[in-house]
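Remarks on the structure that follows.
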Amino acid sequence: MNTEVIWNFIVTEGADFGLKVLGAIAAWIIGRWLIGIAVRLIGVTMERGGKIDMTLIRYLKSILSVLLTVVLIMAILDIFGIRTTSFAALLAGAGLAIGAAWSGMLANFAAGIFLQVLRPYKVGDFISAGGVTGTVKELGLFATTILTPDNVTTIVGNNKAFGDNIQNYSTEAFRRVDCVAKVANGVDVADAMQRLRTAVATIPNVKDSPAPDVDILQFTPEGPLLCVRPYTHTDHYWQVYFDTHKAIVSTFGAAGYPVPETPVLHRTVAVAA
(Lines give C-alpha, C1' and ligand atoms only; values in the text may rest on other atoms or scores of the structure.)
Protein backbone atom coordinates (compact mmCIF):
# COMPACT_ATOMS: atom_id res chain seq x y z
CA MET A 1 0.00 0.00 0.00
CA ASN A 2 2.77 2.37 0.91
CA THR A 3 4.64 1.52 -2.26
CA GLU A 4 1.56 2.24 -4.31
CA VAL A 5 1.06 5.62 -2.64
CA ILE A 6 4.65 6.56 -3.25
CA TRP A 7 4.44 5.45 -6.87
CA ASN A 8 1.26 7.44 -7.42
CA PHE A 9 2.91 10.51 -5.94
CA ILE A 10 5.92 10.11 -8.23
CA VAL A 11 3.72 9.64 -11.29
CA THR A 12 1.35 12.52 -10.56
CA GLU A 13 3.48 15.09 -8.78
CA GLY A 14 7.03 13.83 -9.07
CA ALA A 15 8.03 16.15 -11.90
CA ASP A 16 6.60 19.20 -10.16
CA PHE A 17 8.22 18.28 -6.85
CA GLY A 18 11.56 17.64 -8.56
CA LEU A 19 11.44 21.06 -10.20
CA LYS A 20 10.71 22.63 -6.80
CA VAL A 21 13.68 20.82 -5.27
CA LEU A 22 15.96 21.96 -8.08
CA GLY A 23 14.56 25.48 -7.76
CA ALA A 24 15.18 25.46 -3.99
CA ILE A 25 18.78 24.26 -4.48
CA ALA A 26 19.38 26.92 -7.10
CA ALA A 27 17.78 29.58 -4.89
CA TRP A 28 19.96 28.55 -1.96
CA ILE A 29 23.19 28.63 -3.99
CA ILE A 30 22.43 31.93 -5.70
CA GLY A 31 20.98 33.46 -2.53
CA ARG A 32 24.04 32.58 -0.42
CA TRP A 33 26.30 33.94 -3.16
CA LEU A 34 24.38 37.23 -3.25
CA ILE A 35 24.36 37.44 0.56
CA GLY A 36 28.13 36.98 0.61
CA ILE A 37 28.60 39.75 -1.95
CA ALA A 38 26.26 42.11 -0.05
CA VAL A 39 27.95 41.46 3.30
CA ARG A 40 31.43 41.96 1.82
CA LEU A 41 30.43 45.23 0.13
CA ILE A 42 28.91 46.59 3.33
CA GLY A 43 32.02 45.52 5.29
CA VAL A 44 34.35 47.23 2.81
CA THR A 45 32.25 50.39 2.94
CA MET A 46 32.39 50.51 6.75
CA GLU A 47 36.14 49.79 6.78
CA ARG A 48 36.84 52.59 4.31
CA GLY A 49 34.98 55.05 6.52
CA GLY A 50 37.53 54.37 9.27
CA LYS A 51 35.09 55.38 12.01
CA ILE A 52 33.91 51.92 13.09
CA ASP A 53 35.99 49.47 15.05
CA MET A 54 36.94 46.24 13.25
CA THR A 55 35.38 44.15 16.02
CA LEU A 56 32.05 45.90 15.53
CA ILE A 57 32.31 45.55 11.74
CA ARG A 58 32.77 41.79 12.01
CA TYR A 59 29.86 41.57 14.47
CA LEU A 60 27.53 43.60 12.21
CA LYS A 61 28.51 41.52 9.17
CA SER A 62 27.70 38.33 11.09
CA ILE A 63 24.30 39.67 12.20
CA LEU A 64 23.46 40.83 8.67
CA SER A 65 24.46 37.46 7.21
CA VAL A 66 22.23 35.59 9.68
CA LEU A 67 19.23 37.86 9.03
CA LEU A 68 19.54 37.57 5.26
CA THR A 69 19.93 33.81 5.53
CA VAL A 70 16.70 33.59 7.56
CA VAL A 71 14.93 35.59 4.84
CA LEU A 72 16.38 33.26 2.20
CA ILE A 73 15.16 30.14 4.05
CA MET A 74 11.67 31.60 4.34
CA ALA A 75 11.68 32.33 0.60
CA ILE A 76 12.75 28.72 -0.15
CA LEU A 77 9.99 27.35 2.08
CA ASP A 78 7.54 29.46 0.14
CA ILE A 79 8.64 27.65 -3.03
CA PHE A 80 7.30 24.41 -1.56
CA GLY A 81 4.03 26.11 -0.64
CA ILE A 82 4.79 26.16 3.07
CA ARG A 83 3.20 29.22 4.62
CA THR A 84 5.80 31.24 6.51
CA THR A 85 3.36 33.58 8.24
CA SER A 86 3.23 31.48 11.40
CA PHE A 87 6.99 30.95 11.23
CA ALA A 88 7.56 34.71 11.02
CA ALA A 89 5.18 35.26 13.94
CA LEU A 90 7.11 32.66 15.94
CA LEU A 91 10.38 34.44 15.21
CA ALA A 92 8.85 37.78 16.16
CA GLY A 93 7.54 36.34 19.43
CA ALA A 94 10.90 34.79 20.25
CA GLY A 95 12.62 38.08 19.46
CA LEU A 96 10.21 39.95 21.73
CA ALA A 97 10.79 37.49 24.57
CA ILE A 98 14.56 37.68 24.20
CA GLY A 99 14.42 41.45 24.01
CA ALA A 100 12.38 41.67 27.22
CA ALA A 101 14.70 39.27 29.06
CA TRP A 102 17.89 40.95 27.84
CA SER A 103 16.69 44.55 27.80
CA GLY A 104 19.68 45.76 29.83
CA MET A 105 22.18 43.89 27.69
CA LEU A 106 20.55 45.09 24.49
CA ALA A 107 20.60 48.68 25.76
CA ASN A 108 24.33 48.37 26.46
CA PHE A 109 24.84 46.80 23.03
CA ALA A 110 22.93 49.60 21.27
CA ALA A 111 24.92 52.22 23.19
CA GLY A 112 28.12 50.35 22.31
CA ILE A 113 27.30 50.62 18.61
CA PHE A 114 26.73 54.38 18.94
CA LEU A 115 30.00 54.75 20.86
CA GLN A 116 31.85 52.84 18.13
CA VAL A 117 30.31 54.97 15.39
CA LEU A 118 30.33 58.42 17.01
CA ARG A 119 33.69 57.92 18.77
CA PRO A 120 33.36 60.37 21.71
CA TYR A 121 36.42 58.59 23.12
CA LYS A 122 38.85 55.84 22.14
CA VAL A 123 41.27 53.48 23.83
CA GLY A 124 44.02 55.48 25.59
CA ASP A 125 41.93 58.62 26.18
CA PHE A 126 41.62 60.07 29.68
CA ILE A 127 37.89 60.57 30.22
CA SER A 128 35.12 61.01 32.74
CA ALA A 129 32.05 58.92 31.87
CA GLY A 130 29.34 57.20 33.87
CA GLY A 131 30.68 58.76 37.07
CA VAL A 132 34.18 57.24 36.57
CA THR A 133 37.34 59.14 35.66
CA GLY A 134 40.37 57.41 34.19
CA THR A 135 42.09 56.04 31.09
CA VAL A 136 40.09 53.96 28.61
CA LYS A 137 41.62 50.48 28.40
CA GLU A 138 38.94 48.79 26.29
CA LEU A 139 35.86 49.90 24.39
CA GLY A 140 33.69 46.81 24.04
CA LEU A 141 30.26 46.26 22.57
CA PHE A 142 28.61 46.03 26.00
CA ALA A 143 30.93 47.89 28.40
CA THR A 144 33.87 50.28 28.63
CA THR A 145 36.88 49.35 30.76
CA ILE A 146 38.44 52.34 32.54
CA LEU A 147 41.64 52.36 34.61
CA THR A 148 41.30 55.02 37.33
CA PRO A 149 44.28 57.12 38.52
CA ASP A 150 44.53 54.97 41.68
CA ASN A 151 45.07 51.90 39.43
CA VAL A 152 41.63 50.35 39.81
CA THR A 153 40.05 48.68 36.78
CA THR A 154 36.40 49.74 36.51
CA ILE A 155 33.83 48.31 34.08
CA VAL A 156 31.15 50.82 33.04
CA GLY A 157 28.09 49.69 31.06
CA ASN A 158 27.96 51.44 27.69
CA ASN A 159 24.37 52.53 28.27
CA LYS A 160 25.37 54.35 31.46
CA ALA A 161 28.46 55.87 29.84
CA PHE A 162 26.59 57.02 26.74
CA GLY A 163 23.53 58.21 28.67
CA ASP A 164 25.54 60.48 30.97
CA ASN A 165 27.84 63.44 30.35
CA ILE A 166 31.17 62.46 28.78
CA GLN A 167 34.30 64.54 29.35
CA ASN A 168 37.28 63.69 27.16
CA TYR A 169 40.43 65.30 28.51
CA SER A 170 42.57 63.94 25.67
CA THR A 171 40.72 65.55 22.76
CA GLU A 172 42.47 68.93 22.93
CA ALA A 173 46.21 69.47 22.66
CA PHE A 174 46.48 70.80 26.22
CA ARG A 175 44.47 71.49 29.37
CA ARG A 176 44.59 73.93 32.27
CA VAL A 177 45.89 72.99 35.71
CA ASP A 178 43.97 74.84 38.45
CA CYS A 179 45.87 75.67 41.65
CA VAL A 180 45.49 78.41 44.28
CA ALA A 181 47.91 80.31 46.50
CA LYS A 182 47.08 82.56 49.46
CA VAL A 183 49.26 85.48 50.47
CA ALA A 184 49.12 87.22 53.82
CA ASN A 185 47.70 90.70 54.34
CA GLY A 186 50.42 93.29 53.87
CA VAL A 187 52.30 91.34 51.19
CA ASP A 188 52.82 93.14 47.87
CA VAL A 189 50.36 91.19 45.71
CA ALA A 190 51.85 92.39 42.41
CA ASP A 191 55.31 91.21 43.51
CA ALA A 192 53.91 87.83 44.58
CA MET A 193 52.14 87.32 41.26
CA GLN A 194 55.26 88.23 39.26
CA ARG A 195 57.38 85.82 41.29
CA LEU A 196 54.86 83.04 40.73
CA ARG A 197 54.69 83.67 36.96
CA THR A 198 58.47 83.37 36.75
CA ALA A 199 58.61 80.23 38.91
CA VAL A 200 55.72 78.42 37.23
CA ALA A 201 57.08 79.13 33.75
CA THR A 202 60.22 77.11 34.59
CA ILE A 203 58.29 73.97 35.61
CA PRO A 204 58.91 71.10 33.14
CA ASN A 205 56.11 70.48 30.58
CA VAL A 206 54.38 73.82 31.23
CA LYS A 207 53.39 75.43 27.93
CA ASP A 208 54.70 78.85 26.93
CA SER A 209 51.56 79.58 24.92
CA PRO A 210 49.15 80.15 26.43
CA ALA A 211 51.22 81.54 29.27
CA PRO A 212 50.38 80.57 32.87
CA ASP A 213 47.61 82.63 34.45
CA VAL A 214 48.33 84.19 37.85
CA ASP A 215 45.77 86.64 39.19
CA ILE A 216 43.65 87.57 42.19
CA LEU A 217 40.82 85.11 42.57
CA GLN A 218 39.14 86.53 45.66
CA PHE A 219 39.80 88.27 48.97
CA THR A 220 39.73 86.47 52.28
CA PRO A 221 40.21 87.61 55.90
CA GLU A 222 43.72 86.08 55.83
CA GLY A 223 44.71 87.84 52.59
CA PRO A 224 44.20 87.71 48.81
CA LEU A 225 43.68 84.28 47.21
CA LEU A 226 45.55 83.90 43.93
CA CYS A 227 44.70 81.55 41.09
CA VAL A 228 47.74 79.85 39.57
CA ARG A 229 46.86 78.18 36.27
CA PRO A 230 49.56 76.73 34.03
CA TYR A 231 48.74 74.82 30.84
CA THR A 232 50.11 71.41 29.87
CA HIS A 233 49.37 68.20 27.97
CA THR A 234 47.02 65.74 29.67
CA ASP A 235 49.83 63.20 30.05
CA HIS A 236 51.71 65.64 32.32
CA TYR A 237 48.73 67.01 34.26
CA TRP A 238 49.51 65.56 37.68
CA GLN A 239 53.24 66.23 37.41
CA VAL A 240 52.55 69.90 36.67
CA TYR A 241 49.84 70.02 39.35
CA PHE A 242 52.17 68.86 42.14
CA ASP A 243 55.19 70.81 40.84
CA THR A 244 53.10 73.99 40.81
CA HIS A 245 52.25 73.58 44.48
CA LYS A 246 55.92 72.98 45.25
CA ALA A 247 56.83 76.12 43.30
CA ILE A 248 54.31 78.16 45.32
CA VAL A 249 55.79 76.98 48.62
CA SER A 250 59.41 77.52 47.56
CA THR A 251 58.73 80.92 45.95
CA PHE A 252 56.88 82.34 48.95
CA GLY A 253 59.48 80.85 51.30
CA ALA A 254 62.38 82.40 49.36
CA ALA A 255 60.60 85.77 49.36
CA GLY A 256 60.14 85.60 53.14
CA TYR A 257 56.41 86.06 53.00
CA PRO A 258 54.63 85.52 56.33
CA VAL A 259 52.13 82.69 56.72
CA PRO A 260 48.53 83.93 56.26
CA GLU A 261 46.76 84.08 59.60
CA THR A 262 43.15 84.64 60.47
CA PRO A 263 42.87 88.03 62.22
CA VAL A 264 41.55 87.74 65.75
CA LEU A 265 39.86 90.67 67.47
CA HIS A 266 40.55 90.89 71.17
CA ARG A 267 37.98 92.72 73.24
CA THR A 268 38.39 93.98 76.81
CA VAL A 269 35.30 93.48 78.88
CA ALA A 270 34.86 95.96 81.70
CA VAL A 271 34.08 94.29 85.01
CA ALA A 272 31.79 96.18 87.34
CA ALA A 273 33.25 96.89 90.78
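Each chain in the C-alpha coordinates gets a letter, A, B and so on, in the order shown; residues start at 1 in every chain, and ligands are counted from 1 in the order they appear.
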ask   = Any idea what's packed within 8 Å of range 191-201 of chain A, counting only C-alpha atoms, ignoring anything in its chain fewer than 6 positions away? Could you give it as a ChimeraX atom specification?
value = /A:183,207-208,211-215,226,228,230,244,247-248,251-252
key: Test item: residues at most 12 Å from Val71 in chain A, only C-alpha atoms, excluding those fewer than 2 positions along its chain, as a ChimeraX atom specification   = /A:27-28,31-32,35,64-69,73-78,84,87-88,91
For the residues in that selection, give me N, CA and C atoms as a CSV table (one decimal), in the first residue's frame.
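Result went into selection12.csv, see below:
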chain,number,residue,atom,x,y,z
A,27,ALA,N,18.0,28.4,-5.7
A,27,ALA,CA,17.8,29.6,-4.9
A,27,ALA,C,18.7,29.7,-3.7
A,28,TRP,N,19.0,28.5,-3.1
A,28,TRP,CA,20.0,28.5,-2.0
A,28,TRP,C,21.4,28.9,-2.4
A,31,GLY,N,21.3,32.6,-3.7
A,31,GLY,CA,21.0,33.5,-2.5
A,31,GLY,C,22.2,33.6,-1.6
A,32,ARG,N,22.8,32.5,-1.3
A,32,ARG,CA,24.0,32.6,-0.4
A,32,ARG,C,25.2,33.4,-1.1
A,35,ILE,N,24.2,37.0,-0.8
A,35,ILE,CA,24.4,37.4,0.6
A,35,ILE,C,25.8,37.7,0.8
A,64,LEU,N,24.1,40.6,10.0
A,64,LEU,CA,23.5,40.8,8.7
A,64,LEU,C,23.4,39.5,7.9
A,65,SER,N,24.4,38.7,7.9
A,65,SER,CA,24.5,37.5,7.2
A,65,SER,C,23.4,36.5,7.8
A,66,VAL,N,23.2,36.5,9.1
A,66,VAL,CA,22.2,35.6,9.7
A,66,VAL,C,20.8,36.0,9.3
A,67,LEU,N,20.6,37.3,9.4
A,67,LEU,CA,19.2,37.9,9.0
A,67,LEU,C,18.9,37.6,7.6
A,68,LEU,N,19.8,37.8,6.7
A,68,LEU,CA,19.5,37.6,5.3
A,68,LEU,C,19.4,36.1,5.0
A,69,THR,N,20.1,35.3,5.7
A,69,THR,CA,19.9,33.8,5.5
A,69,THR,C,18.6,33.3,6.0
A,73,ILE,N,15.8,31.4,3.7
A,73,ILE,CA,15.2,30.1,4.1
A,73,ILE,C,13.6,30.3,4.0
A,74,MET,N,13.1,31.4,4.4
A,74,MET,CA,11.7,31.6,4.3
A,74,MET,C,11.2,31.7,2.9
A,75,ALA,N,12.0,32.3,2.0
A,75,ALA,CA,11.7,32.3,0.6
A,75,ALA,C,11.7,30.9,0.0
A,76,ILE,N,12.7,30.1,0.4
A,76,ILE,CA,12.7,28.7,-0.2
A,76,ILE,C,11.6,27.9,0.3
A,77,LEU,N,11.2,28.1,1.6
A,77,LEU,CA,10.0,27.3,2.1
A,77,LEU,C,8.7,27.7,1.3
A,78,ASP,N,8.7,29.0,0.9
A,78,ASP,CA,7.5,29.5,0.1
A,78,ASP,C,7.5,28.8,-1.2
A,84,THR,N,4.8,30.8,5.5
A,84,THR,CA,5.8,31.2,6.5
A,84,THR,C,5.2,32.3,7.5
A,87,PHE,N,5.6,31.0,10.9
A,87,PHE,CA,7.0,30.9,11.2
A,87,PHE,C,7.5,32.3,11.6
A,88,ALA,N,7.1,33.3,10.8
A,88,ALA,CA,7.6,34.7,11.0
A,88,ALA,C,7.0,35.2,12.4
A,91,LEU,N,9.1,33.7,15.1
A,91,LEU,CA,10.4,34.4,15.2
A,91,LEU,C,10.2,35.8,15.9
query = In terms of the shortest atom-to-atom distance over only C-alpha atoms, which of A:Gly23, A:Ser62, A:Ala173, A:Pro120 is closest to Ala38 in chain A?
reply = A:Ser62
inquiry  = Considering only C-alpha atoms, can you say which of A:Ile127, A:Ala190, A:Ala184, A:Ala143 comes closest to Glu172 in chain A?
reply    =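 Ranked by minimum distance to Glu172 in chain A, first place goes to A:Ile127.
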inquiry  = Considering only helix (DSSP H, G or I) as DSSP defines it on the backbone, what residues of range 64-249 of chain A qualify? List them as a ChimeraX atom specification.
reply    = /A:64-79,85-101,103-118,158-163,189-201,234-249
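As for CA of Phe174 in chain A and CA of Val206 in chain A, they are spaced 9.8 Å apart.
Interatomic distance, CA of Ile216 in chain A against CA of Val189 in chain A: 8.4 Å.
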Which of A:Val187, A:Glu261, A:Pro221, A:Asp235 sits closest to Asn205 in chain A [using only C-alpha atoms] = A:Asp235
task = From a DSSP pass on the backbone, collect the residues of range 6-255 of chain A flagged as strand (DSSP E) and hand them back as an MDAnalysis selection string.
result = chainID A and resid 126:129 132:139 143:147 153:157 166:168 175:176 179:182 213:220 223:229 231:232
